[in-house]
>>> print(open('structure_2.txt').read())   # compact mmCIF, C-alpha atoms
# COMPACT_ATOMS: atom_id res chain seq x y z
CA MET A 1042 21.80 39.61 -53.63
CA PHE A 1043 25.09 39.88 -51.71
CA TYR A 1044 27.02 38.10 -54.47
CA PHE A 1045 25.57 40.33 -57.17
CA LEU A 1046 26.37 43.41 -55.15
CA ALA A 1047 29.88 42.22 -54.41
CA HIS A 1048 30.69 41.56 -58.09
CA PHE A 1049 29.25 44.92 -59.03
CA LEU A 1050 31.44 46.64 -56.46
CA VAL A 1051 34.55 44.83 -57.69
CA VAL A 1052 34.00 46.42 -61.09
CA LEU A 1053 33.23 49.75 -59.48
CA PHE A 1054 36.41 49.57 -57.44
CA SER A 1055 38.58 49.20 -60.52
CA SER A 1056 38.30 52.95 -60.91
CA SER A 1057 40.76 55.44 -59.43
CA SER A 1058 38.20 56.48 -56.80
CA SER A 1059 38.38 53.15 -54.95
CA ILE A 1060 39.86 54.52 -51.72
CA LEU A 1061 37.29 57.31 -51.51
CA LEU A 1062 34.41 54.89 -52.04
CA LEU A 1063 35.76 52.55 -49.37
CA ARG A 1064 35.95 55.42 -46.92
CA ARG A 1065 32.32 56.30 -47.64
CA LEU A 1066 31.22 52.73 -47.06
CA GLU A 1067 33.19 52.57 -43.82
CA SER A 1068 31.55 55.77 -42.66
CA MET A 1069 28.09 54.31 -43.42
CA MET A 1070 28.95 51.10 -41.60
CA LEU A 1071 30.19 52.96 -38.55
CA GLN A 1072 26.89 54.81 -38.32
CA LEU A 1073 24.53 51.88 -38.91
CA GLN A 1074 26.42 48.80 -37.72
CA PRO A 1075 29.20 49.98 -35.40
CA ASN A 1076 29.58 46.72 -33.51
CA ALA A 1077 30.03 44.65 -36.67
CA TYR A 1078 32.59 47.16 -37.89
CA ILE A 1079 34.57 47.02 -34.64
CA LEU A 1080 34.59 43.23 -34.58
CA LEU A 1081 35.77 43.18 -38.18
CA ARG A 1082 38.59 45.59 -37.34
CA PHE A 1083 39.87 43.36 -34.56
CA SER A 1084 39.98 40.44 -36.99
CA ILE A 1085 42.26 42.34 -39.37
CA ARG A 1086 45.83 42.64 -38.07
CA SER A 1087 47.77 44.69 -40.58
CA SER A 1088 50.50 47.29 -40.72
CA LEU A 1089 48.97 49.08 -43.70
CA PRO A 1090 48.30 52.84 -43.37
CA GLN A 1091 45.23 53.79 -41.33
CA ILE A 1092 42.23 55.99 -42.12
CA PRO A 1093 42.84 58.87 -39.71
CA SER A 1094 39.26 60.10 -39.60
CA ALA A 1095 37.74 56.81 -38.41
CA PRO A 1096 37.61 56.23 -34.63
CA PHE A 1097 38.31 52.55 -35.14
CA PRO A 1098 40.00 52.51 -38.56
CA LEU A 1099 40.49 49.69 -41.02
CA PRO A 1100 43.73 49.45 -43.01
CA LEU A 1101 43.63 51.25 -46.31
CA PRO A 1102 44.13 48.88 -49.25
CA THR A 1103 47.09 49.74 -51.44
CA THR A 1104 45.88 48.19 -54.70
CA ARG A 1105 42.60 48.19 -56.59
CA ARG A 1106 42.20 44.45 -56.08
CA ALA A 1107 42.82 44.83 -52.35
CA ALA A 1108 40.31 47.65 -52.26
CA ALA A 1109 37.73 45.49 -53.99
CA LEU A 1110 38.30 42.58 -51.61
CA SER A 1111 38.08 44.92 -48.62
CA LEU A 1112 34.82 46.30 -49.90
CA ILE A 1113 33.34 42.83 -50.38
CA THR A 1114 34.23 41.97 -46.78
CA LEU A 1115 32.79 45.21 -45.47
CA THR A 1116 29.65 44.92 -47.60
CA THR A 1117 28.95 41.33 -46.59
CA THR A 1118 29.43 42.13 -42.91
CA PHE A 1119 27.37 45.29 -43.17
CA PHE A 1120 24.38 43.83 -44.97
CA SER A 1121 24.47 40.64 -42.91
CA GLY A 1122 24.18 42.85 -39.86
CA LEU A 1123 21.16 44.52 -41.39
CA ALA A 1124 19.54 41.22 -42.29
CA PHE A 1125 19.78 39.88 -38.76
CA SER A 1126 18.94 43.08 -36.91
CA ASP A 1127 15.57 43.22 -35.19
CA SER A 1128 13.17 45.08 -37.46
CA TYR A 1129 16.13 46.94 -38.95
CA SER A 1130 16.60 48.67 -35.62
CA TRP A 1131 19.72 50.82 -35.70
CA SER A 1132 19.38 52.19 -32.18
CA LYS A 1133 22.57 52.75 -30.21
CA PRO A 1134 23.66 49.79 -28.05
CA ASP A 1135 23.25 49.98 -24.29
CA PHE A 1136 26.25 50.31 -22.02
CA VAL A 1137 26.15 48.74 -18.56
CA GLU A 1138 27.87 50.24 -15.53
CA LEU A 1139 30.39 47.80 -14.11
CA PRO A 1140 29.95 46.97 -10.40
CA ALA A 1141 32.28 48.78 -7.99
CA SER A 1142 33.97 50.56 -10.88
CA GLY A 1143 33.34 54.18 -9.97
CA GLY A 1144 31.09 54.73 -12.96
CA VAL A 1145 32.87 52.86 -15.75
CA LYS A 1146 30.39 51.80 -18.43
CA ALA A 1147 31.01 48.82 -20.66
CA LEU A 1148 29.68 47.27 -23.84
CA ASP A 1149 30.81 43.72 -24.64
CA LEU A 1150 31.46 43.42 -28.35
CA ARG A 1151 32.61 39.82 -28.07
CA ILE A 1152 32.36 37.52 -25.06
CA GLY A 1153 35.54 35.57 -24.45
CA ASP A 1154 35.69 31.90 -23.58
CA GLY A 1155 38.97 31.84 -21.64
CA GLU A 1156 40.08 32.61 -18.11
CA THR A 1157 39.01 35.60 -16.04
CA PRO A 1158 41.91 37.43 -14.34
CA SER A 1159 42.34 38.03 -10.62
CA ASN A 1160 44.45 40.50 -8.67
CA GLY A 1161 48.12 39.67 -9.01
CA ASP A 1162 47.74 38.14 -12.47
CA LYS A 1163 49.68 39.54 -15.40
CA VAL A 1164 47.19 40.44 -18.12
CA VAL A 1165 48.00 41.04 -21.78
CA ILE A 1166 45.72 43.31 -23.79
CA HIS A 1167 45.42 45.15 -27.07
CA TYR A 1168 43.63 48.48 -26.97
CA TYR A 1169 42.57 51.64 -28.75
CA GLY A 1170 42.40 54.71 -26.51
CA ARG A 1171 40.36 57.78 -27.45
CA LEU A 1172 39.63 61.10 -25.79
CA ALA A 1173 36.00 62.23 -25.80
CA ALA A 1174 36.90 65.92 -25.33
CA LYS A 1175 38.73 65.84 -28.68
CA GLN A 1176 35.87 64.37 -30.74
CA GLY A 1177 37.06 60.82 -30.11
CA TRP A 1178 40.68 61.53 -31.06
CA ARG A 1179 42.68 58.31 -30.87
CA PHE A 1180 45.67 59.14 -28.70
CA ASP A 1181 47.17 55.66 -28.51
CA SER A 1182 46.88 52.11 -29.77
CA THR A 1183 48.91 48.99 -29.14
CA TYR A 1184 48.62 48.25 -32.86
CA ASP A 1185 50.88 51.27 -33.43
CA HIS A 1186 53.57 49.80 -31.15
CA LYS A 1187 55.67 47.49 -33.32
CA ASP A 1188 58.54 45.11 -32.59
CA GLU A 1189 61.59 44.58 -34.82
CA ASN A 1190 59.50 42.32 -37.08
CA GLY A 1191 56.75 44.89 -37.47
CA GLU A 1192 54.30 42.98 -35.29
CA PRO A 1193 52.06 44.90 -32.84
CA ILE A 1194 53.21 44.72 -29.23
CA PRO A 1195 50.42 44.12 -26.67
CA PHE A 1196 50.30 45.94 -23.36
CA GLU A 1197 51.05 43.99 -20.17
CA PHE A 1198 50.37 44.90 -16.56
CA VAL A 1199 49.71 43.28 -13.21
CA LEU A 1200 46.07 43.53 -12.25
CA GLY A 1201 45.63 45.38 -8.96
CA SER A 1202 49.08 46.97 -9.05
CA GLY A 1203 47.67 50.49 -9.33
CA LYS A 1204 50.08 51.43 -12.10
CA VAL A 1205 47.30 51.47 -14.69
CA ILE A 1206 44.32 53.83 -14.70
CA SER A 1207 41.46 52.41 -12.62
CA GLY A 1208 39.05 52.31 -15.55
CA ILE A 1209 41.22 49.84 -17.45
CA GLU A 1210 41.55 47.58 -14.40
CA SER A 1211 37.78 47.65 -13.89
CA ALA A 1212 37.22 46.79 -17.53
CA VAL A 1213 39.60 43.84 -17.59
CA ARG A 1214 38.69 42.43 -14.18
CA SER A 1215 35.41 40.90 -15.37
CA MET A 1216 36.48 39.97 -18.91
CA LYS A 1217 37.40 36.55 -20.23
CA VAL A 1218 40.36 35.86 -22.49
CA GLY A 1219 39.32 36.38 -26.09
CA GLY A 1220 36.75 39.01 -25.21
CA ILE A 1221 36.49 42.51 -26.66
CA ARG A 1222 34.97 45.30 -24.61
CA ARG A 1223 34.37 48.99 -25.18
CA VAL A 1224 34.45 51.07 -22.01
CA ILE A 1225 33.61 54.69 -21.24
CA ILE A 1226 35.81 55.83 -18.39
CA PRO A 1227 34.84 58.90 -16.32
CA PRO A 1228 37.60 61.34 -15.28
CA SER A 1229 37.66 59.98 -11.72
CA GLN A 1230 38.70 56.56 -13.06
CA GLY A 1231 40.99 57.86 -15.78
CA TYR A 1232 44.29 59.70 -15.68
CA GLN A 1233 44.96 61.32 -12.30
CA ASN A 1234 48.56 62.16 -13.17
CA THR A 1235 50.96 61.93 -16.11
CA SER A 1236 52.73 58.79 -14.89
CA GLN A 1237 49.77 56.40 -14.98
CA GLU A 1238 49.74 53.81 -17.72
CA PRO A 1239 49.03 53.28 -20.52
CA ILE A 1240 51.14 56.24 -21.64
CA PRO A 1241 51.29 57.17 -25.35
CA PRO A 1242 54.90 56.68 -26.49
CA ASN A 1243 54.70 59.61 -28.89
CA PHE A 1244 55.73 62.86 -27.17
CA PHE A 1245 53.26 65.06 -29.03
CA ASP A 1246 50.36 62.70 -28.36
CA ARG A 1247 51.25 62.71 -24.65
CA GLN A 1248 51.39 66.49 -24.61
CA ARG A 1249 48.05 66.86 -26.34
CA LEU A 1250 46.41 64.28 -24.09
CA PHE A 1251 47.60 65.65 -20.77
CA THR A 1252 47.32 69.35 -21.63
CA THR A 1253 43.67 68.69 -22.49
CA ILE A 1254 42.84 66.62 -19.41
CA PHE A 1255 44.72 68.84 -16.96
CA ASN A 1256 44.00 72.20 -18.61
CA PRO A 1257 43.87 74.59 -15.59
CA THR A 1258 41.69 77.19 -17.27
CA ARG A 1259 39.05 74.72 -18.39
CA LEU A 1260 39.15 72.93 -15.04
CA ALA A 1261 38.57 76.27 -13.32
CA ASN A 1262 35.58 76.80 -15.61
CA GLY A 1263 33.97 73.63 -14.27
CA GLU A 1264 34.76 71.33 -17.20
CA GLY A 1265 36.48 68.72 -15.06
CA SER A 1266 33.57 66.29 -15.41
CA THR A 1267 34.07 66.03 -19.18
CA LEU A 1268 37.70 66.83 -20.02
CA GLY A 1269 39.10 63.47 -18.93
CA ILE A 1270 36.43 61.12 -20.31
CA LEU A 1271 38.17 58.24 -22.08
CA ILE A 1272 36.88 55.60 -24.48
CA PHE A 1273 38.87 52.38 -24.67
CA ASP A 1274 38.34 49.35 -26.86
CA VAL A 1275 40.07 46.47 -25.10
CA GLU A 1276 40.84 42.93 -26.21
CA LEU A 1277 41.97 40.55 -23.47
CA VAL A 1278 44.67 38.46 -25.13
CA SER A 1279 45.95 36.31 -22.27
CA VAL A 1280 46.23 35.90 -18.51
CA ARG A 1281 49.31 34.68 -16.63
CA ARG A 1282 48.59 33.62 -13.08
CA GLY A 1283 50.52 35.55 -10.44
>>> encode(input="structure_2.txt", output="structure tokens")
Amino acid sequence: MFYFLAHFLVVLFSSSSSILLLRRLESMMLQLQPNAYILLRFSIRSSLPQIPSAPFPLPLPTTRRAAALSLITLTTTFFSGLAFSDSYSWSKPDFVELPASGGVKALDLRIGDGETPSNGDKVVIHYYGRLAAKQGWRFDSTYDHKDENGEPIPFEFVLGSGKVISGIESAVRSMKVGGIRRVIIPPSQGYQNTSQEPIPPNFFDRQRLFTTIFNPTRLANGEGSTLGILIFDVELVSVRRG
């Protein structure tokens, strides 16, 4: 059935509406199989333009053939997820509160098979950072930071140094290299000031992020428990022993 559907969609995607159809399929996949979608996104490293409306966007294909191939990949992943789901259960996955984390909740999307970092180690990660108070607005991503060759630059920090927000340290501390984890970080474990890392390099993104989190009027109205909630998708790339 998958092959028939894939060939049908290749023909369908030869029309000028290919990008719109791909967006609709991505939206459906995000709703019904979010974990499969996220894992697929981490497997695609590309500098193609992004779909701004998606919280964890896939690159937009630039040709009809690329659109068709992208759709086949998405469709296969999507329907495979349905086939192996328990009784077609599409319930939301459960997050687990990390021990001694101050309330950070985590969902492992892929369990790594490498080393686990310790305090003093230099850890290398890729991440997507989103702000819950802005409908999941993505304020930063290491995949947007490019070197002179156009390759994404990962984020490095020393675990336990205190230079990074506590929620990120709590998330990475119990991961293994190769793992992917989504974490929900409460305000108490997020940004406490504007100098904590990771800091969005774009000035306007920084302004929007910090003026939302530290908005004095909304804080005075008792919204402090929600304004600074962060959602990070983190991939632990490597660990260098300190």
>>> atom_distance(input="structure_2.txt", atom1="atom CA of A:Gly1265", atom2="atom CA of A:Ser1215")
27.8 Å
>>> closest_residue(input="structure_2.txt", among="A:Val1145, A:Ile1166, A:Val1224, A:Leu1172", to="A:Arg1247", atoms="all atoms listed in the file")
A:Leu1172
>>> atom_distance(input="structure_2.txt", atom1="atom CA of A:Phe1136", atom2="atom CA of A:Ile1226")
11.6 Å
>>> atom_distance(input="structure_2.txt", atom1="atom CA of A:Arg1214", atom2="atom CA of A:Leu1271")
17.7 Å
>>> residues_around(input="structure_2.txt", residues="stretch 1232-1243 of chain A", least_positions_apart="3", cutoff="10 Å", atoms="all atoms listed in the file", output="mmCIF file with C-alpha atoms, keeping the file's coordinate frame")
data_model
loop_
_atom_site.group_PDB
_atom_site.id
_atom_site.type_symbol
_atom_site.label_atom_id
_atom_site.label_comp_id
_atom_site.auth_asym_id
_atom_site.auth_seq_id
_atom_site.Cartn_x
_atom_site.Cartn_y
_atom_site.Cartn_z
ATOM 1 C CA TYR A 1168 43.630 48.480 -26.970
ATOM 2 C CA GLY A 1170 42.400 54.710 -26.510
ATOM 3 C CA PHE A 1180 45.670 59.140 -28.700
ATOM 4 C CA ASP A 1181 47.170 55.660 -28.510
ATOM 5 C CA SER A 1182 46.880 52.110 -29.770
ATOM 6 C CA THR A 1183 48.910 48.990 -29.140
ATOM 7 C CA ASP A 1185 50.880 51.270 -33.430
ATOM 8 C CA HIS A 1186 53.570 49.800 -31.150
ATOM 9 C CA PHE A 1196 50.300 45.940 -23.360
ATOM 10 C CA GLU A 1197 51.050 43.990 -20.170
ATOM 11 C CA PHE A 1198 50.370 44.900 -16.560
ATOM 12 C CA GLY A 1203 47.670 50.490 -9.330
ATOM 13 C CA LYS A 1204 50.080 51.430 -12.100
ATOM 14 C CA VAL A 1205 47.300 51.470 -14.690
ATOM 15 C CA ILE A 1206 44.320 53.830 -14.700
ATOM 16 C CA SER A 1207 41.460 52.410 -12.620
ATOM 17 C CA GLY A 1208 39.050 52.310 -15.550
ATOM 18 C CA ILE A 1209 41.220 49.840 -17.450
ATOM 19 C CA ILE A 1226 35.810 55.830 -18.390
ATOM 20 C CA PRO A 1227 34.840 58.900 -16.320
ATOM 21 C CA PRO A 1228 37.600 61.340 -15.280
ATOM 22 C CA SER A 1229 37.660 59.980 -11.720
ATOM 23 C CA ASP A 1246 50.360 62.700 -28.360
ATOM 24 C CA ARG A 1247 51.250 62.710 -24.650
ATOM 25 C CA GLN A 1248 51.390 66.490 -24.610
ATOM 26 C CA LEU A 1250 46.410 64.280 -24.090
ATOM 27 C CA PHE A 1251 47.600 65.650 -20.770
ATOM 28 C CA THR A 1252 47.320 69.350 -21.630
ATOM 29 C CA ILE A 1254 42.840 66.620 -19.410
ATOM 30 C CA PHE A 1255 44.720 68.840 -16.960
ATOM 31 C CA GLY A 1269 39.100 63.470 -18.930
ATOM 32 C CA ILE A 1270 36.430 61.120 -20.310
ATOM 33 C CA LEU A 1271 38.170 58.240 -22.080
#
>>> closest_residue(input="structure_2.txt", among="A:Thr1157, A:Thr1253, A:Thr1267, A:Gln1230", to="A:Gly1144", atoms="only C-alpha atoms")
A:Gln1230
>>> decode(input="structure_2.txt", residues="stretch 1209-1246 of chain A", atoms="N, CA and C atoms", output="mmCIF file, in the first residue's frame")
data_model
loop_
_atom_site.group_PDB
_atom_site.id
_atom_site.type_symbol
_atom_site.label_atom_id
_atom_site.label_comp_id
_atom_site.auth_asym_id
_atom_site.auth_seq_id
_atom_site.Cartn_x
_atom_site.Cartn_y
_atom_site.Cartn_z
ATOM 1 N N ILE A 1209 19.052 23.418 30.656
ATOM 2 C CA ILE A 1209 19.865 22.747 29.640
ATOM 3 C C ILE A 1209 20.866 21.810 30.301
ATOM 4 N N GLU A 1210 21.504 22.268 31.384
ATOM 5 C CA GLU A 1210 22.461 21.410 32.085
ATOM 6 C C GLU A 1210 21.771 20.158 32.630
ATOM 7 N N SER A 1211 20.577 20.341 33.203
ATOM 8 C CA SER A 1211 19.835 19.189 33.732
ATOM 9 C C SER A 1211 19.473 18.217 32.624
ATOM 10 N N ALA A 1212 19.134 18.744 31.474
ATOM 11 C CA ALA A 1212 18.749 17.888 30.347
ATOM 12 C C ALA A 1212 19.918 17.055 29.854
ATOM 13 N N VAL A 1213 21.082 17.688 29.723
ATOM 14 C CA VAL A 1213 22.243 17.023 29.138
ATOM 15 C C VAL A 1213 22.905 16.056 30.117
ATOM 16 N N ARG A 1214 22.796 16.371 31.397
ATOM 17 C CA ARG A 1214 23.544 15.623 32.421
ATOM 18 C C ARG A 1214 23.257 14.117 32.403
ATOM 19 N N SER A 1215 22.039 13.739 32.067
ATOM 20 C CA SER A 1215 21.680 12.315 32.082
ATOM 21 C C SER A 1215 21.496 11.730 30.681
ATOM 22 N N MET A 1216 21.941 12.467 29.656
ATOM 23 C CA MET A 1216 21.861 11.960 28.288
ATOM 24 C C MET A 1216 23.119 11.186 27.924
ATOM 25 N N LYS A 1217 23.006 10.401 26.862
ATOM 26 C CA LYS A 1217 24.154 9.735 26.272
ATOM 27 C C LYS A 1217 24.395 10.312 24.886
ATOM 28 N N VAL A 1218 25.652 10.307 24.465
ATOM 29 C CA VAL A 1218 25.986 10.833 23.145
ATOM 30 C C VAL A 1218 25.164 10.109 22.083
ATOM 31 N N GLY A 1219 24.598 10.888 21.183
ATOM 32 C CA GLY A 1219 23.733 10.330 20.140
ATOM 33 C C GLY A 1219 22.264 10.436 20.475
ATOM 34 N N GLY A 1220 21.955 10.797 21.718
ATOM 35 C CA GLY A 1220 20.565 10.888 22.138
ATOM 36 C C GLY A 1220 19.921 12.204 21.738
ATOM 37 N N ILE A 1221 18.609 12.176 21.637
ATOM 38 C CA ILE A 1221 17.800 13.362 21.350
ATOM 39 C C ILE A 1221 16.734 13.456 22.427
ATOM 40 N N ARG A 1222 16.616 14.614 23.028
ATOM 41 C CA ARG A 1222 15.682 14.790 24.144
ATOM 42 C C ARG A 1222 14.935 16.116 24.011
ATOM 43 N N ARG A 1223 13.649 16.054 24.246
ATOM 44 C CA ARG A 1223 12.845 17.278 24.327
ATOM 45 C C ARG A 1223 12.609 17.584 25.803
ATOM 46 N N VAL A 1224 12.862 18.825 26.198
ATOM 47 C CA VAL A 1224 12.696 19.212 27.589
ATOM 48 C C VAL A 1224 11.803 20.446 27.695
ATOM 49 N N ILE A 1225 10.970 20.446 28.729
ATOM 50 C CA ILE A 1225 10.159 21.606 29.084
ATOM 51 C C ILE A 1225 10.788 22.203 30.334
ATOM 52 N N ILE A 1226 11.250 23.428 30.209
ATOM 53 C CA ILE A 1226 12.015 24.067 31.272
ATOM 54 C C ILE A 1226 11.179 25.147 31.941
ATOM 55 N N PRO A 1227 10.913 25.013 33.248
ATOM 56 C CA PRO A 1227 10.141 26.043 33.952
ATOM 57 C C PRO A 1227 10.962 27.328 34.093
ATOM 58 N N PRO A 1228 10.303 28.461 34.340
ATOM 59 C CA PRO A 1228 11.034 29.737 34.443
ATOM 60 C C PRO A 1228 12.174 29.720 35.455
ATOM 61 N N SER A 1229 12.014 28.997 36.557
ATOM 62 C CA SER A 1229 13.056 28.979 37.589
ATOM 63 C C SER A 1229 14.343 28.323 37.108
ATOM 64 N N GLN A 1230 14.259 27.502 36.050
ATOM 65 C CA GLN A 1230 15.431 26.823 35.513
ATOM 66 C C GLN A 1230 15.820 27.357 34.139
ATOM 67 N N GLY A 1231 15.136 28.431 33.732
ATOM 68 C CA GLY A 1231 15.428 29.039 32.442
ATOM 69 C C GLY A 1231 16.264 30.291 32.595
ATOM 70 N N TYR A 1232 15.973 31.283 31.781
ATOM 71 C CA TYR A 1232 16.762 32.517 31.799
ATOM 72 C C TYR A 1232 16.455 33.335 33.045
ATOM 73 N N GLN A 1233 17.502 33.608 33.839
ATOM 74 C CA GLN A 1233 17.386 34.461 35.009
ATOM 75 C C GLN A 1233 17.932 35.857 34.725
ATOM 76 N N ASN A 1234 18.700 35.980 33.667
ATOM 77 C CA ASN A 1234 19.221 37.266 33.224
ATOM 78 C C ASN A 1234 19.538 37.165 31.737
ATOM 79 N N THR A 1235 19.942 38.280 31.138
ATOM 80 C CA THR A 1235 20.149 38.324 29.691
ATOM 81 C C THR A 1235 21.550 37.906 29.263
ATOM 82 N N SER A 1236 22.365 37.456 30.204
ATOM 83 C CA SER A 1236 23.722 37.031 29.848
ATOM 84 C C SER A 1236 23.893 35.521 29.874
ATOM 85 N N GLN A 1237 22.875 34.787 30.288
ATOM 86 C CA GLN A 1237 22.967 33.333 30.317
ATOM 87 C C GLN A 1237 22.867 32.766 28.902
ATOM 88 N N GLU A 1238 23.630 31.728 28.670
ATOM 89 C CA GLU A 1238 23.606 31.068 27.368
ATOM 90 C C GLU A 1238 22.618 29.900 27.379
ATOM 91 N N PRO A 1239 22.155 29.472 26.201
ATOM 92 C CA PRO A 1239 22.487 29.997 24.880
ATOM 93 C C PRO A 1239 21.747 31.290 24.564
ATOM 94 N N ILE A 1240 22.444 32.229 23.939
ATOM 95 C CA ILE A 1240 21.882 33.530 23.602
ATOM 96 C C ILE A 1240 21.662 33.603 22.094
ATOM 97 N N PRO A 1241 20.461 33.925 21.648
ATOM 98 C CA PRO A 1241 20.224 34.067 20.203
ATOM 99 C C PRO A 1241 21.152 35.133 19.618
ATOM 100 N N PRO A 1242 21.849 34.825 18.536
ATOM 101 C CA PRO A 1242 22.776 35.806 17.958
ATOM 102 C C PRO A 1242 22.065 36.978 17.282
ATOM 103 N N ASN A 1243 20.836 36.745 16.855
ATOM 104 C CA ASN A 1243 20.077 37.804 16.185
ATOM 105 C C ASN A 1243 19.546 38.806 17.212
ATOM 106 N N PHE A 1244 19.827 40.082 17.000
ATOM 107 C CA PHE A 1244 19.448 41.122 17.958
ATOM 108 C C PHE A 1244 17.941 41.156 18.193
ATOM 109 N N PHE A 1245 17.153 41.084 17.134
ATOM 110 C CA PHE A 1245 15.708 41.198 17.272
ATOM 111 C C PHE A 1245 15.108 39.976 17.975
ATOM 112 N N ASP A 1246 15.690 38.808 17.736
ATOM 113 C CA ASP A 1246 15.236 37.614 18.452
ATOM 114 C C ASP A 1246 15.547 37.735 19.942
#
